[in-house]
Amino acid sequence: MANAQQTKAATLRELHEKGVLVLPNAWDAGSAALIAQAGAQAIATTSGGVSWSAGKPDQQALTRDEMVAAVRRIADAVRVPVTADIEGGYGPTPEDVAATVTAVIGAGAVGVNIEDSQPNGELFTADEQAERIRAARQAAELAGLPELVINLRTDVFLFQIGAPEGRQADVLARAAVYAEAGADSLFVPGLVDLTVLAELVKGQPLPLNVMAGPGAPTVAEFEAAGVRRVSVGTAVAQAAYTLAQRAAAELLGKGTYDELAGALDFGAVNSSFAR
């Protein structure tokens, strides 16, 4: 394992220890380079954006090999740490997760995002997911990167699992199991309520990651509640694809170019990429 990758892993780990780590998610090498140029301290991929860039839907329609190839291109394009969204690990078993973790480390990633939901929308039990986390941690150690940052995503709130009044307790119970199994941070998409988030911060040991977007509290408000990591999932990719669709519709319909106004000029974009 190259020392440079270990250093990046240590840096990513340190970025969770104080303040708030802000991650505008990237979906290809070009978006990663521009996000890093904007000042991002690390790059997080979005599985949805990576899948769309390959012409496929999200939720594990992408193959492991396709995702790993995208991670490699992204890691090669930036100097900051890269954490890869590996969805549910591209298979249900601990062995599947281990194979994916080994592959993304080989592609240059120093962190991973692992979901506890399955393609059918059901969640693994906490104990089942714990076995998958242990497999990820062991794979990282065998690959020479024990510092790998495992961000464990629980979809209790995102998929509205169970009665609303029981979801917070479910997340807290899962967090305790996941932390013991080797997770480094807890990601709870689908939840932006600052009061509940503050209670989750106090009720479990892991740094808390939220998924934000239009209408959500500001980064400063999340930080005040104790959140340590804010990402935006597919939101930046959605905005980029929306612009592509609107600009095309305008050009093909009215024959005008207003949607393209305000874009970075060719030189600004082109100079963002190393030869």
# chains A, B, ... in the order shown; residues from 1 in each chain; ligands from 1
call {"tool": "closest_atom_pairs", "arguments": {"of": "range 208-247 of chain A", "to": "range 41-53 of chain A", "cutoff": "6 Å", "atoms": "only C-alpha atoms", "output": "JSON lines"}}
result
{"residue": "A:Gly233", "atom": "CA", "partner": "A:Thr46", "partner_atom": "CA", "distance": 5.7}
{"residue": "A:Thr234", "atom": "CA", "partner": "A:Gly49", "partner_atom": "CA", "distance": 5.7}
{"residue": "A:Ala237", "atom": "CA", "partner": "A:Gly49", "partner_atom": "CA", "distance": 5.7}
call {"tool": "write_last_selection", "arguments": {"atoms": "N, CA and C atoms", "output": "compact mmCIF listing (two decimals), in the first residue's frame"}}
result
# COMPACT_ATOMS: atom_id res chain seq x y z
N GLY A 233 -25.71 13.98 -1.78
CA GLY A 233 -26.18 12.87 -2.61
C GLY A 233 -26.12 13.19 -4.10
N THR A 234 -27.22 12.99 -4.78
CA THR A 234 -27.27 13.20 -6.22
C THR A 234 -27.58 14.64 -6.61
N ALA A 237 -25.38 16.45 -9.25
CA ALA A 237 -25.55 15.77 -10.53
C ALA A 237 -26.93 16.07 -11.13
call {"tool": "closest_atom_pairs", "arguments": {"of": "range 57-103 of chain A", "to": "range 125-138 of chain A", "cutoff": "10 Å", "atoms": "only C-alpha atoms", "output": "JSON lines"}}
result
{"residue": "A:Gly88", "atom": "CA", "partner": "A:Arg132", "partner_atom": "CA", "distance": 9.6}
{"residue": "A:Gly89", "atom": "CA", "partner": "A:Arg132", "partner_atom": "CA", "distance": 8.7}
{"residue": "A:Pro92", "atom": "CA", "partner": "A:Arg132", "partner_atom": "CA", "distance": 8.5}
{"residue": "A:Thr93", "atom": "CA", "partner": "A:Arg132", "partner_atom": "CA", "distance": 6.9}
{"residue": "A:Pro94", "atom": "CA", "partner": "A:Arg132", "partner_atom": "CA", "distance": 4.3}
{"residue": "A:Glu95", "atom": "CA", "partner": "A:Ala135", "partner_atom": "CA", "distance": 6.8}
{"residue": "A:Asp96", "atom": "CA", "partner": "A:Arg132", "partner_atom": "CA", "distance": 8.6}
{"residue": "A:Val97", "atom": "CA", "partner": "A:Ala136", "partner_atom": "CA", "distance": 6.0}
{"residue": "A:Ala98", "atom": "CA", "partner": "A:Ala136", "partner_atom": "CA", "distance": 4.9}
{"residue": "A:Ala99", "atom": "CA", "partner": "A:Ala136", "partner_atom": "CA", "distance": 8.4}
{"residue": "A:Thr100", "atom": "CA", "partner": "A:Ala136", "partner_atom": "CA", "distance": 8.4}
{"residue": "A:Val101", "atom": "CA", "partner": "A:Ala136", "partner_atom": "CA", "distance": 6.0}
{"residue": "A:Thr102", "atom": "CA", "partner": "A:Ala136", "partner_atom": "CA", "distance": 8.2}
call {"tool": "select_by_dssp", "arguments": {"residues": "range 88-250 of chain A", "states": "helix (DSSP H, G or I)", "output": "PyMOL selection string"}}
result
chain A and resi 94-106+126-142+164-181+194-203+219-224+235-250
call {"tool": "atom_distance", "arguments": {"atom1": "CA of Gly106 in chain A", "atom2": "CA of Ala181 in chain A"}}
result
22.9 Å
call {"tool": "atom_distance", "arguments": {"atom1": "CA of Asp258 in chain A", "atom2": "CA of Ala240 in chain A"}}
result
15.5 Å
call {"tool": "decode", "arguments": {"residues": "range 183-194 of chain A", "atoms": "all heavy atoms", "output": "PDB file, in the first residue's frame"}}
result
ATOM      1  N   ALA A 183     -17.599   0.421  12.207  1.00  0.00           N
ATOM      2  CA  ALA A 183     -17.954   1.615  11.444  1.00  0.00           C
ATOM      3  C   ALA A 183     -17.290   2.838  12.074  1.00  0.00           C
ATOM      4  O   ALA A 183     -17.085   2.895  13.285  1.00  0.00           O
ATOM      5  CB  ALA A 183     -19.461   1.802  11.407  1.00  0.00           C
ATOM      6  N   ASP A 184     -16.972   3.825  11.229  1.00  0.00           N
ATOM      7  CA  ASP A 184     -16.305   5.041  11.705  1.00  0.00           C
ATOM      8  C   ASP A 184     -17.235   6.241  11.782  1.00  0.00           C
ATOM      9  O   ASP A 184     -16.946   7.197  12.520  1.00  0.00           O
ATOM     10  CB  ASP A 184     -15.145   5.395  10.768  1.00  0.00           C
ATOM     11  CG  ASP A 184     -14.069   4.332  10.773  1.00  0.00           C
ATOM     12  OD1 ASP A 184     -13.490   4.093  11.843  1.00  0.00           O
ATOM     13  OD2 ASP A 184     -13.812   3.733   9.714  1.00  0.00           O
ATOM     14  N   SER A 185     -18.301   6.234  11.006  1.00  0.00           N
ATOM     15  CA  SER A 185     -19.263   7.327  11.049  1.00  0.00           C
ATOM     16  C   SER A 185     -20.625   6.792  10.643  1.00  0.00           C
ATOM     17  O   SER A 185     -20.731   5.720  10.047  1.00  0.00           O
ATOM     18  CB  SER A 185     -18.837   8.485  10.140  1.00  0.00           C
ATOM     19  OG  SER A 185     -18.626   8.051   8.818  1.00  0.00           O
ATOM     20  N   LEU A 186     -21.665   7.555  10.997  1.00  0.00           N
ATOM     21  CA  LEU A 186     -23.043   7.124  10.770  1.00  0.00           C
ATOM     22  C   LEU A 186     -23.731   8.114   9.841  1.00  0.00           C
ATOM     23  O   LEU A 186     -23.738   9.318  10.102  1.00  0.00           O
ATOM     24  CB  LEU A 186     -23.802   7.060  12.099  1.00  0.00           C
ATOM     25  CG  LEU A 186     -25.262   6.609  12.029  1.00  0.00           C
ATOM     26  CD1 LEU A 186     -25.345   5.129  11.658  1.00  0.00           C
ATOM     27  CD2 LEU A 186     -25.970   6.866  13.359  1.00  0.00           C
ATOM     28  N   PHE A 187     -24.320   7.603   8.773  1.00  0.00           N
ATOM     29  CA  PHE A 187     -25.001   8.422   7.770  1.00  0.00           C
ATOM     30  C   PHE A 187     -26.493   8.117   7.857  1.00  0.00           C
ATOM     31  O   PHE A 187     -26.903   6.970   7.696  1.00  0.00           O
ATOM     32  CB  PHE A 187     -24.439   8.072   6.399  1.00  0.00           C
ATOM     33  CG  PHE A 187     -24.983   8.873   5.243  1.00  0.00           C
ATOM     34  CD1 PHE A 187     -25.586  10.106   5.410  1.00  0.00           C
ATOM     35  CD2 PHE A 187     -24.870   8.360   3.949  1.00  0.00           C
ATOM     36  CE1 PHE A 187     -26.068  10.830   4.335  1.00  0.00           C
ATOM     37  CE2 PHE A 187     -25.346   9.080   2.859  1.00  0.00           C
ATOM     38  CZ  PHE A 187     -25.947  10.316   3.046  1.00  0.00           C
ATOM     39  N   VAL A 188     -27.303   9.168   8.080  1.00  0.00           N
ATOM     40  CA  VAL A 188     -28.748   8.992   8.238  1.00  0.00           C
ATOM     41  C   VAL A 188     -29.475   9.865   7.219  1.00  0.00           C
ATOM     42  O   VAL A 188     -30.010  10.931   7.553  1.00  0.00           O
ATOM     43  CB  VAL A 188     -29.200   9.347   9.671  1.00  0.00           C
ATOM     44  CG1 VAL A 188     -30.661   8.927   9.877  1.00  0.00           C
ATOM     45  CG2 VAL A 188     -28.327   8.667  10.711  1.00  0.00           C
ATOM     46  N   PRO A 189     -29.499   9.457   5.948  1.00  0.00           N
ATOM     47  CA  PRO A 189     -30.234  10.241   4.947  1.00  0.00           C
ATOM     48  C   PRO A 189     -31.728  10.207   5.232  1.00  0.00           C
ATOM     49  O   PRO A 189     -32.238   9.275   5.868  1.00  0.00           O
ATOM     50  CB  PRO A 189     -29.897   9.542   3.629  1.00  0.00           C
ATOM     51  CG  PRO A 189     -29.605   8.132   4.017  1.00  0.00           C
ATOM     52  CD  PRO A 189     -28.934   8.222   5.361  1.00  0.00           C
ATOM     53  N   GLY A 190     -32.428  11.224   4.753  1.00  0.00           N
ATOM     54  CA  GLY A 190     -33.863  11.291   4.983  1.00  0.00           C
ATOM     55  C   GLY A 190     -34.233  11.992   6.259  1.00  0.00           C
ATOM     56  O   GLY A 190     -35.426  12.109   6.583  1.00  0.00           O
ATOM     57  N   LEU A 191     -33.257  12.495   7.004  1.00  0.00           N
ATOM     58  CA  LEU A 191     -33.504  13.175   8.268  1.00  0.00           C
ATOM     59  C   LEU A 191     -32.752  14.497   8.282  1.00  0.00           C
ATOM     60  O   LEU A 191     -31.524  14.514   8.183  1.00  0.00           O
ATOM     61  CB  LEU A 191     -33.046  12.304   9.441  1.00  0.00           C
ATOM     62  CG  LEU A 191     -33.175  12.938  10.837  1.00  0.00           C
ATOM     63  CD1 LEU A 191     -34.646  13.191  11.181  1.00  0.00           C
ATOM     64  CD2 LEU A 191     -32.535  12.034  11.892  1.00  0.00           C
ATOM     65  N   VAL A 192     -33.494  15.614   8.417  1.00  0.00           N
ATOM     66  CA  VAL A 192     -32.862  16.933   8.521  1.00  0.00           C
ATOM     67  C   VAL A 192     -33.408  17.717   9.714  1.00  0.00           C
ATOM     68  O   VAL A 192     -33.072  18.888   9.879  1.00  0.00           O
ATOM     69  CB  VAL A 192     -33.042  17.752   7.221  1.00  0.00           C
ATOM     70  CG1 VAL A 192     -32.272  17.112   6.071  1.00  0.00           C
ATOM     71  CG2 VAL A 192     -34.509  17.929   6.858  1.00  0.00           C
ATOM     72  N   ASP A 193     -34.222  17.087  10.539  1.00  0.00           N
ATOM     73  CA  ASP A 193     -34.755  17.732  11.737  1.00  0.00           C
ATOM     74  C   ASP A 193     -33.612  17.953  12.731  1.00  0.00           C
ATOM     75  O   ASP A 193     -33.011  16.990  13.222  1.00  0.00           O
ATOM     76  CB  ASP A 193     -35.838  16.850  12.356  1.00  0.00           C
ATOM     77  CG  ASP A 193     -36.515  17.490  13.558  1.00  0.00           C
ATOM     78  OD1 ASP A 193     -35.830  17.725  14.574  1.00  0.00           O
ATOM     79  OD2 ASP A 193     -37.726  17.743  13.481  1.00  0.00           O
ATOM     80  N   LEU A 194     -33.320  19.211  13.041  1.00  0.00           N
ATOM     81  CA  LEU A 194     -32.159  19.535  13.870  1.00  0.00           C
ATOM     82  C   LEU A 194     -32.285  18.995  15.285  1.00  0.00           C
ATOM     83  O   LEU A 194     -31.283  18.586  15.893  1.00  0.00           O
ATOM     84  CB  LEU A 194     -31.945  21.049  13.890  1.00  0.00           C
ATOM     85  CG  LEU A 194     -31.543  21.677  12.555  1.00  0.00           C
ATOM     86  CD1 LEU A 194     -31.545  23.199  12.661  1.00  0.00           C
ATOM     87  CD2 LEU A 194     -30.175  21.182  12.118  1.00  0.00           C
TER      88      LEU A 194
END
